[in-house]
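> Next up, data.csv (CSV, C-alpha atoms).
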chain,number,residue,atom,x,y,z
A,1,MET,CA,8.2,-18.7,-0.6
A,2,GLU,CA,7.8,-15.2,0.8
A,3,ASN,CA,10.6,-13.2,2.3
A,4,PRO,CA,10.5,-13.2,6.1
A,5,THR,CA,8.3,-10.5,7.7
A,6,GLU,CA,11.3,-9.0,9.5
A,7,TYR,CA,13.1,-8.6,6.2
A,8,LYS,CA,10.1,-6.9,4.6
A,9,LYS,CA,10.0,-4.5,7.6
A,10,MET,CA,13.7,-3.8,7.2
A,11,VAL,CA,13.3,-2.9,3.5
A,12,ALA,CA,10.4,-0.6,4.3
A,13,ARG,CA,12.4,1.0,7.1
A,14,LEU,CA,15.7,1.4,5.2
A,15,ALA,CA,14.6,2.3,1.7
A,16,LYS,CA,14.9,6.1,1.2
A,17,PRO,CA,11.4,7.5,1.0
A,18,GLY,CA,10.1,9.0,-2.3
A,19,GLU,CA,9.3,12.2,-0.4
A,20,LEU,CA,12.9,12.7,0.6
A,21,ILE,CA,14.1,12.0,-2.9
A,22,LEU,CA,11.7,14.5,-4.4
A,23,GLY,CA,12.5,17.0,-1.7
A,24,ASN,CA,16.1,17.1,-2.9
A,25,MET,CA,15.3,16.9,-6.6
A,26,SER,CA,16.2,19.9,-8.7
A,27,THR,CA,15.6,20.4,-12.4
A,28,THR,CA,19.3,19.8,-13.2
A,29,LYS,CA,19.2,16.5,-11.2
A,30,LEU,CA,16.0,15.5,-12.9
A,31,LEU,CA,17.6,16.1,-16.3
A,32,LEU,CA,20.5,13.8,-15.4
A,33,LEU,CA,18.3,11.1,-13.8
A,34,ARG,CA,15.9,11.0,-16.7
A,35,ALA,CA,18.6,10.9,-19.3
A,36,THR,CA,20.4,8.1,-17.5
A,37,VAL,CA,17.2,6.0,-17.1
A,38,ASP,CA,16.5,6.6,-20.8
A,39,LEU,CA,20.1,5.3,-21.5
A,40,MET,CA,19.5,2.1,-19.4
A,41,ILE,CA,16.2,1.4,-21.1
A,42,ALA,CA,17.7,1.7,-24.6
A,43,ALA,CA,20.8,-0.3,-23.6
A,44,GLY,CA,18.4,-3.0,-22.2
A,45,THR,CA,16.7,-3.2,-25.5
A,46,VAL,CA,20.0,-3.7,-27.2
A,47,LEU,CA,21.0,-6.4,-24.7
A,48,ASP,CA,17.7,-8.2,-25.1
A,49,GLU,CA,18.0,-8.3,-28.8
A,50,VAL,CA,21.6,-9.6,-28.7
A,51,LYS,CA,20.5,-12.2,-26.1
A,52,ARG,CA,17.8,-13.4,-28.5
A,53,ARG,CA,20.3,-13.8,-31.3
A,54,THR,CA,23.2,-15.3,-29.4
A,55,ILE,CA,21.6,-17.4,-26.6
A,56,TYR,CA,18.1,-18.2,-27.8
A,57,HIS,CA,18.8,-18.2,-31.6
A,58,LYS,CA,15.8,-16.1,-32.2
A,59,GLY,CA,15.3,-13.7,-35.1
A,60,CYS,CA,13.3,-10.5,-35.0
A,61,LYS,CA,9.6,-10.4,-35.7
A,62,PRO,CA,8.6,-9.5,-39.3
A,63,GLY,CA,7.8,-5.8,-39.4
A,64,GLU,CA,10.0,-4.9,-36.4
A,65,GLU,CA,13.4,-5.5,-37.9
A,66,ASP,CA,14.4,-2.1,-36.8
A,67,ARG,CA,14.2,-2.8,-33.0
A,68,LEU,CA,17.9,-3.4,-32.6
A,69,PRO,CA,19.2,-0.5,-34.8
A,70,LYS,CA,16.7,1.8,-33.1
A,71,GLY,CA,17.9,0.6,-29.7
A,72,LEU,CA,21.4,1.3,-30.8
A,73,ALA,CA,20.5,4.8,-32.0
A,74,ASP,CA,18.5,5.5,-28.9
A,75,THR,CA,21.4,4.4,-26.7
A,76,GLN,CA,23.8,6.8,-28.5
A,77,MET,CA,21.3,9.6,-28.2
A,78,ALA,CA,20.7,9.0,-24.6
A,79,LEU,CA,24.4,8.7,-23.8
A,80,ALA,CA,25.0,12.1,-25.4
A,81,ARG,CA,22.2,13.5,-23.3
A,82,VAL,CA,23.7,12.0,-20.1
A,83,VAL,CA,27.0,13.7,-20.9
A,84,ASP,CA,25.2,17.1,-21.5
A,85,ALA,CA,23.1,16.7,-18.4
A,86,LEU,CA,26.2,16.0,-16.3
A,87,ARG,CA,27.9,19.1,-17.6
A,88,VAL,CA,24.8,21.1,-16.6
A,89,LEU,CA,24.8,19.6,-13.1
A,90,GLU,CA,28.5,20.4,-12.7
A,91,GLY,CA,27.9,24.0,-13.8
A,92,LYS,CA,30.0,23.6,-17.0
A,93,ALA,CA,27.0,24.3,-19.3
A,94,GLU,CA,23.7,26.2,-19.0
A,95,LEU,CA,20.3,24.7,-18.5
A,96,THR,CA,18.2,25.6,-21.5
A,97,ALA,CA,14.5,26.2,-21.8
A,98,GLU,CA,14.4,23.5,-24.5
A,99,GLU,CA,15.8,20.9,-22.0
A,100,ILE,CA,13.3,21.9,-19.4
A,101,LEU,CA,10.5,21.4,-21.8
A,102,ARG,CA,11.8,18.2,-23.2
A,103,ILE,CA,11.8,16.5,-19.7
A,104,ASP,CA,8.5,18.1,-18.7
A,105,ALA,CA,10.1,19.4,-15.6
A,106,GLU,CA,7.2,21.7,-14.6
A,107,ASP,CA,4.7,18.9,-14.9
A,108,PHE,CA,7.0,16.5,-13.0
A,109,PHE,CA,7.3,18.8,-10.0
A,110,ASN,CA,3.6,19.7,-10.1
A,111,ARG,CA,2.6,16.0,-9.9
A,112,ASN,CA,4.8,15.6,-6.8
A,113,ASP,CA,4.3,11.8,-6.8
A,114,PRO,CA,6.4,10.2,-4.0
A,115,VAL,CA,5.0,6.7,-4.7
A,116,ALA,CA,6.0,6.8,-8.3
A,117,MET,CA,9.4,8.2,-7.2
A,118,HIS,CA,9.9,5.4,-4.8
A,119,ARG,CA,9.0,2.8,-7.4
A,120,MET,CA,11.5,4.4,-9.8
A,121,HIS,CA,14.1,4.3,-7.1
A,122,MET,CA,13.5,0.6,-6.6
A,123,SER,CA,13.6,-0.1,-10.3
A,124,ILE,CA,16.9,1.8,-10.6
A,125,GLY,CA,18.2,-0.3,-7.8
A,126,VAL,CA,17.3,-3.5,-9.5
A,127,ALA,CA,18.8,-2.4,-12.8
A,128,GLY,CA,22.0,-1.2,-11.1
A,129,GLU,CA,22.5,-4.4,-9.1
A,130,GLY,CA,21.7,-6.4,-12.2
A,131,CYS,CA,24.6,-4.6,-13.9
A,132,GLU,CA,26.9,-5.4,-11.0
A,133,MET,CA,25.9,-9.1,-11.4
A,134,LEU,CA,26.6,-8.8,-15.1
A,135,GLU,CA,30.0,-7.3,-14.4
A,136,GLU,CA,31.0,-10.1,-12.0
A,137,ASP,CA,29.9,-12.8,-14.4
A,138,HIS,CA,31.8,-11.0,-17.2
A,139,ARG,CA,35.0,-11.3,-15.1
A,140,VAL,CA,34.6,-15.1,-14.9
A,141,LEU,CA,33.3,-15.9,-18.4
A,142,PHE,CA,35.1,-13.4,-20.6
A,143,GLN,CA,38.2,-12.6,-18.6
A,144,GLY,CA,38.8,-16.0,-17.1
A,145,LEU,CA,39.0,-14.7,-13.5
A,146,ALA,CA,38.0,-16.6,-10.4
A,147,GLU,CA,34.5,-16.2,-9.1
A,148,ARG,CA,34.2,-14.1,-5.9
A,149,PRO,CA,31.5,-15.7,-3.9
A,150,ALA,CA,31.3,-12.9,-1.3
A,151,VAL,CA,30.7,-10.4,-4.1
A,152,VAL,CA,28.1,-12.6,-5.8
A,153,LEU,CA,26.2,-13.0,-2.4
A,154,GLU,CA,26.3,-9.3,-1.7
A,155,GLU,CA,24.9,-8.3,-5.1
A,156,HIS,CA,22.1,-10.9,-4.9
A,157,GLY,CA,21.3,-9.6,-1.5
A,158,ASP,CA,21.2,-6.0,-2.7
A,159,ALA,CA,19.1,-7.0,-5.7
A,160,GLU,CA,16.6,-8.8,-3.4
A,161,PHE,CA,16.3,-5.6,-1.3
A,162,TYR,CA,15.2,-3.6,-4.3
A,163,LEU,CA,13.0,-6.4,-5.6
A,164,GLU,CA,11.2,-6.6,-2.2
A,165,GLY,CA,10.8,-2.8,-2.1
A,166,SER,CA,9.4,-2.8,-5.7
A,167,ARG,CA,6.9,-5.6,-5.0
A,168,ALA,CA,5.7,-3.9,-1.9
A,169,ALA,CA,5.3,-0.6,-3.7
A,170,HIS,CA,3.3,-2.2,-6.4
A,171,GLY,CA,1.1,-4.2,-4.0
A,172,ILE,CA,2.2,-7.7,-5.1
A,173,THR,CA,4.0,-10.5,-3.3
A,174,ARG,CA,6.9,-12.7,-4.1
A,175,ALA,CA,4.4,-15.6,-4.4
A,176,ASP,CA,2.4,-13.6,-6.9
A,177,ALA,CA,5.5,-13.1,-9.1
A,178,LEU,CA,6.6,-16.7,-8.8
A,179,ASN,CA,3.2,-18.1,-9.6
A,180,ALA,CA,2.8,-15.8,-12.6
A,181,ASN,CA,6.2,-16.8,-13.9
A,182,THR,CA,5.5,-20.5,-13.3
A,183,GLU,CA,2.2,-20.4,-15.2
A,184,LYS,CA,3.8,-18.5,-18.1
A,185,LEU,CA,6.7,-20.9,-18.5
A,186,ASP,CA,5.7,-24.3,-17.2
A,187,SER,CA,2.2,-24.9,-15.9
A,188,GLY,CA,-0.3,-22.7,-17.8
A,189,ALA,CA,-2.5,-23.9,-20.7
A,190,ASN,CA,-0.2,-22.1,-23.1
A,191,ALA,CA,3.0,-22.5,-21.2
A,192,ARG,CA,6.1,-21.6,-23.2
A,193,TYR,CA,8.0,-24.8,-22.3
A,194,GLY,CA,6.0,-27.1,-20.0
A,195,LYS,CA,6.9,-30.7,-19.4
A,196,GLU,CA,9.1,-30.9,-22.5
A,197,GLY,CA,11.6,-28.5,-21.0
A,198,TYR,CA,13.7,-25.9,-22.7
A,199,SER,CA,14.2,-25.9,-26.4
A,200,ASP,CA,15.2,-23.1,-28.9
A,201,ASP,CA,12.1,-23.9,-30.9
A,202,ALA,CA,9.8,-23.3,-27.9
A,203,ALA,CA,11.7,-20.2,-27.0
A,204,ILE,CA,11.2,-18.9,-30.6
A,205,ALA,CA,7.5,-19.9,-30.8
A,206,ARG,CA,6.6,-18.2,-27.4
A,207,LYS,CA,3.4,-20.2,-27.1
A,208,ASP,CA,2.4,-18.2,-24.0
A,209,LYS,CA,2.2,-15.1,-26.3
A,210,ALA,CA,0.7,-16.7,-29.4
A,211,GLU,CA,-2.9,-15.7,-28.6
A,212,SER,CA,-2.2,-12.5,-26.8
A,213,GLY,CA,-2.1,-10.1,-29.8
A,214,GLU,CA,0.8,-8.3,-28.2
A,215,THR,CA,3.4,-6.5,-30.3
A,216,TYR,CA,6.9,-7.8,-30.5
A,217,ALA,CA,8.2,-5.1,-28.2
A,218,GLU,CA,5.4,-5.8,-25.7
A,219,GLN,CA,6.2,-9.5,-25.8
A,220,ASN,CA,9.8,-8.9,-25.0
A,221,GLU,CA,9.3,-6.5,-22.1
A,222,GLY,CA,10.9,-8.1,-19.1
A,223,GLU,CA,11.6,-11.4,-20.9
A,224,GLY,CA,13.4,-13.9,-18.8
For this file, produce the structure as structure tokens.


Amino acid sequence: MENPTEYKKMVARLAKPGELILGNMSTTKLLLLRATVDLMIAAGTVLDEVKRRTIYHKGCKPGEEDRLPKGLADTQMALARVVDALRVLEGKAELTAEEILRIDAEDFFNRNDPVAMHRMHMSIGVAGEGCEMLEEDHRVLFQGLAERPAVVLEEHGDAEFYLEGSRAAHGITRADALNANTEKLDSGANARYGKEGYSDDAAIARKDKAESGETYAEQNEGEG
């Protein structure tokens, strides 16, 4: 169930340390990195909402009908900020005091948190490799091209590298993650599906969240 010890050691040895990332981080790089992460988060919200509608046939929760339009608006705003931040990094525009304040640059550098930087690095890696998997499956499903097994294998391997690094940084094991997911979907007292297997009705009901009191957005964080 766990990755081999040697693999874990390899990830720990080869993942760029948070200290080194912070040591080379400038305000202009921070501006671009934060804007791009904001873009990915917003785009992920849009993708999740579209997935709900097209794959799981779910509607939105009453009272939070604006989640998709807000995600679209946030994506547009974040994209514009990425473009602006890239121009600043390339010296084509000036870094303004307003931008420095907006990203809390001074507070960021004062915190000097290499662990949080490492965790962010691993999360960015997971998101990036996920996008590359998405691109490969897009080729096959929407473009009718042949699957490239070597590419699929490489991207899954890269994703596992970042997942292993993230788990280690958060102090959890692969077994912890698998057990939590199994209880949520299959074996728990309020398992979403259980022995009945998948159904759209069960996906919509989300029995595992029914008693939690979570908001719609919280319920959909990291939904799989």

> Just the number, please: distance in Å from atom CA of Ala35 of chain A to atom CA of Met77 of chain A, one decimal.

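Atom-to-atom, atom CA of Ala35 of chain A to atom CA of Met77 of chain A, that is 9.4 Å.
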
> Between A:Lys8, A:His121, A:Arg87, A:Glu19, which residue has the minimum interatomic distance to Phe109 of chain A, considering all atoms listed in the file?

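Of all the options, A:Glu19 lies closest to Phe109 of chain A.
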
> Counting only C-alpha atoms, which residue out of A:Glu164, A:Gly125, A:Lys209, A:Ala150 sits closest to Glu6 of chain A?

A:Glu164

> Taking into account only C-alpha atoms, which residue in the set A:Ser166, A:Asn3, A:Thr27, A:Thr45 is nearest to Arg102 of chain A?

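The closest residue to Arg102 of chain A is A:Thr27.
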
> Pick the closest to Lys61 of chain A from A:Leu95, A:Leu141, A:Gly171, A:Ala205: which is it, counting all atoms listed in the file?

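Closest residue, counting all atoms listed in the file: A:Ala205.
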
> Where does segment 21-102 of chain A meet segment 129-139 of chain A within 12 Å, residue by residue, with the nearest atom pair and distance in Å to one decimal for each, counting only C-alpha atoms, listed by chain and rising number, as JSON lines?


{"residue": "A:Met40", "atom": "CA", "partner": "A:Cys131", "partner_atom": "CA", "distance": 10.1}
{"residue": "A:Ala43", "atom": "CA", "partner": "A:Cys131", "partner_atom": "CA", "distance": 11.3}
{"residue": "A:Gly44", "atom": "CA", "partner": "A:Cys131", "partner_atom": "CA", "distance": 10.5}
{"residue": "A:Leu47", "atom": "CA", "partner": "A:Leu134", "partner_atom": "CA", "distance": 11.4}

> Could you add N, CA and C atoms to segment 35-66 of chain A and give me the result as a PDB file, in the coordinates of the input?


ATOM      1  N   ALA A  35      17.772  11.273 -18.211  1.00  0.00           N
ATOM      2  CA  ALA A  35      18.600  10.900 -19.300  1.00  0.00           C
ATOM      3  C   ALA A  35      19.304   9.547 -19.065  1.00  0.00           C
ATOM      4  N   THR A  36      19.697   9.310 -17.829  1.00  0.00           N
ATOM      5  CA  THR A  36      20.400   8.100 -17.500  1.00  0.00           C
ATOM      6  C   THR A  36      19.412   6.881 -17.514  1.00  0.00           C
ATOM      7  N   VAL A  37      18.198   7.081 -17.031  1.00  0.00           N
ATOM      8  CA  VAL A  37      17.200   6.000 -17.100  1.00  0.00           C
ATOM      9  C   VAL A  37      16.858   5.720 -18.571  1.00  0.00           C
ATOM     10  N   ASP A  38      16.752   6.762 -19.394  1.00  0.00           N
ATOM     11  CA  ASP A  38      16.500   6.600 -20.800  1.00  0.00           C
ATOM     12  C   ASP A  38      17.666   5.721 -21.430  1.00  0.00           C
ATOM     13  N   LEU A  39      18.895   6.002 -21.002  1.00  0.00           N
ATOM     14  CA  LEU A  39      20.100   5.300 -21.500  1.00  0.00           C
ATOM     15  C   LEU A  39      19.960   3.791 -21.104  1.00  0.00           C
ATOM     16  N   MET A  40      19.592   3.519 -19.854  1.00  0.00           N
ATOM     17  CA  MET A  40      19.500   2.100 -19.400  1.00  0.00           C
ATOM     18  C   MET A  40      18.398   1.377 -20.120  1.00  0.00           C
ATOM     19  N   ILE A  41      17.280   2.036 -20.385  1.00  0.00           N
ATOM     20  CA  ILE A  41      16.200   1.400 -21.100  1.00  0.00           C
ATOM     21  C   ILE A  41      16.619   1.037 -22.518  1.00  0.00           C
ATOM     22  N   ALA A  42      17.263   1.992 -23.185  1.00  0.00           N
ATOM     23  CA  ALA A  42      17.700   1.700 -24.600  1.00  0.00           C
ATOM     24  C   ALA A  42      18.776   0.649 -24.590  1.00  0.00           C
ATOM     25  N   ALA A  43      19.716   0.697 -23.643  1.00  0.00           N
ATOM     26  CA  ALA A  43      20.800  -0.300 -23.600  1.00  0.00           C
ATOM     27  C   ALA A  43      20.150  -1.696 -23.274  1.00  0.00           C
ATOM     28  N   GLY A  44      19.108  -1.716 -22.462  1.00  0.00           N
ATOM     29  CA  GLY A  44      18.400  -3.000 -22.200  1.00  0.00           C
ATOM     30  C   GLY A  44      17.776  -3.579 -23.398  1.00  0.00           C
ATOM     31  N   THR A  45      17.235  -2.731 -24.259  1.00  0.00           N
ATOM     32  CA  THR A  45      16.700  -3.200 -25.500  1.00  0.00           C
ATOM     33  C   THR A  45      17.756  -3.852 -26.379  1.00  0.00           C
ATOM     34  N   VAL A  46      18.914  -3.193 -26.453  1.00  0.00           N
ATOM     35  CA  VAL A  46      20.000  -3.700 -27.200  1.00  0.00           C
ATOM     36  C   VAL A  46      20.465  -5.079 -26.648  1.00  0.00           C
ATOM     37  N   LEU A  47      20.616  -5.140 -25.321  1.00  0.00           N
ATOM     38  CA  LEU A  47      21.000  -6.400 -24.700  1.00  0.00           C
ATOM     39  C   LEU A  47      20.031  -7.493 -24.919  1.00  0.00           C
ATOM     40  N   ASP A  48      18.748  -7.178 -24.836  1.00  0.00           N
ATOM     41  CA  ASP A  48      17.700  -8.200 -25.100  1.00  0.00           C
ATOM     42  C   ASP A  48      17.757  -8.721 -26.481  1.00  0.00           C
ATOM     43  N   GLU A  49      17.938  -7.838 -27.449  1.00  0.00           N
ATOM     44  CA  GLU A  49      18.000  -8.300 -28.800  1.00  0.00           C
ATOM     45  C   GLU A  49      19.242  -9.136 -29.101  1.00  0.00           C
ATOM     46  N   VAL A  50      20.365  -8.765 -28.501  1.00  0.00           N
ATOM     47  CA  VAL A  50      21.600  -9.600 -28.700  1.00  0.00           C
ATOM     48  C   VAL A  50      21.426 -10.914 -27.964  1.00  0.00           C
ATOM     49  N   LYS A  51      20.797 -10.920 -26.804  1.00  0.00           N
ATOM     50  CA  LYS A  51      20.500 -12.200 -26.100  1.00  0.00           C
ATOM     51  C   LYS A  51      19.677 -13.101 -26.957  1.00  0.00           C
ATOM     52  N   ARG A  52      18.663 -12.544 -27.598  1.00  0.00           N
ATOM     53  CA  ARG A  52      17.800 -13.400 -28.500  1.00  0.00           C
ATOM     54  C   ARG A  52      18.614 -14.037 -29.555  1.00  0.00           C
ATOM     55  N   ARG A  53      19.539 -13.286 -30.149  1.00  0.00           N
ATOM     56  CA  ARG A  53      20.300 -13.800 -31.300  1.00  0.00           C
ATOM     57  C   ARG A  53      21.395 -14.778 -30.868  1.00  0.00           C
ATOM     58  N   THR A  54      22.046 -14.520 -29.743  1.00  0.00           N
ATOM     59  CA  THR A  54      23.200 -15.300 -29.400  1.00  0.00           C
ATOM     60  C   THR A  54      22.932 -16.453 -28.415  1.00  0.00           C
ATOM     61  N   ILE A  55      21.884 -16.335 -27.614  1.00  0.00           N
ATOM     62  CA  ILE A  55      21.600 -17.400 -26.600  1.00  0.00           C
ATOM     63  C   ILE A  55      20.371 -18.189 -27.017  1.00  0.00           C
ATOM     64  N   TYR A  56      19.298 -17.518 -27.478  1.00  0.00           N
ATOM     65  CA  TYR A  56      18.100 -18.200 -27.800  1.00  0.00           C
ATOM     66  C   TYR A  56      17.924 -18.494 -29.306  1.00  0.00           C
ATOM     67  N   HIS A  57      18.847 -17.971 -30.127  1.00  0.00           N
ATOM     68  CA  HIS A  57      18.800 -18.200 -31.600  1.00  0.00           C
ATOM     69  C   HIS A  57      17.517 -17.748 -32.214  1.00  0.00           C
ATOM     70  N   LYS A  58      17.010 -16.637 -31.718  1.00  0.00           N
ATOM     71  CA  LYS A  58      15.800 -16.100 -32.200  1.00  0.00           C
ATOM     72  C   LYS A  58      16.076 -14.964 -33.233  1.00  0.00           C
ATOM     73  N   GLY A  59      15.250 -14.848 -34.251  1.00  0.00           N
ATOM     74  CA  GLY A  59      15.300 -13.700 -35.100  1.00  0.00           C
ATOM     75  C   GLY A  59      14.329 -12.642 -34.641  1.00  0.00           C
ATOM     76  N   CYS A  60      14.231 -11.576 -35.387  1.00  0.00           N
ATOM     77  CA  CYS A  60      13.300 -10.500 -35.000  1.00  0.00           C
ATOM     78  C   CYS A  60      11.939 -10.804 -35.708  1.00  0.00           C
ATOM     79  N   LYS A  61      10.886 -10.238 -35.151  1.00  0.00           N
ATOM     80  CA  LYS A  61       9.600 -10.400 -35.700  1.00  0.00           C
ATOM     81  C   LYS A  61       9.412  -9.636 -36.990  1.00  0.00           C
ATOM     82  N   PRO A  62       8.839 -10.226 -38.035  1.00  0.00           N
ATOM     83  CA  PRO A  62       8.600  -9.500 -39.300  1.00  0.00           C
ATOM     84  C   PRO A  62       7.899  -8.184 -39.039  1.00  0.00           C
ATOM     85  N   GLY A  63       8.423  -7.128 -39.628  1.00  0.00           N
ATOM     86  CA  GLY A  63       7.800  -5.800 -39.400  1.00  0.00           C
ATOM     87  C   GLY A  63       8.465  -4.998 -38.364  1.00  0.00           C
ATOM     88  N   GLU A  64       9.289  -5.640 -37.516  1.00  0.00           N
ATOM     89  CA  GLU A  64      10.000  -4.900 -36.400  1.00  0.00           C
ATOM     90  C   GLU A  64      11.459  -5.179 -36.473  1.00  0.00           C
ATOM     91  N   GLU A  65      11.986  -5.259 -37.700  1.00  0.00           N
ATOM     92  CA  GLU A  65      13.400  -5.500 -37.900  1.00  0.00           C
ATOM     93  C   GLU A  65      14.276  -4.366 -37.391  1.00  0.00           C
ATOM     94  N   ASP A  66      13.656  -3.218 -37.158  1.00  0.00           N
ATOM     95  CA  ASP A  66      14.400  -2.100 -36.800  1.00  0.00           C
ATOM     96  C   ASP A  66      14.618  -1.934 -35.245  1.00  0.00           C
TER      97      ASP A  66
END
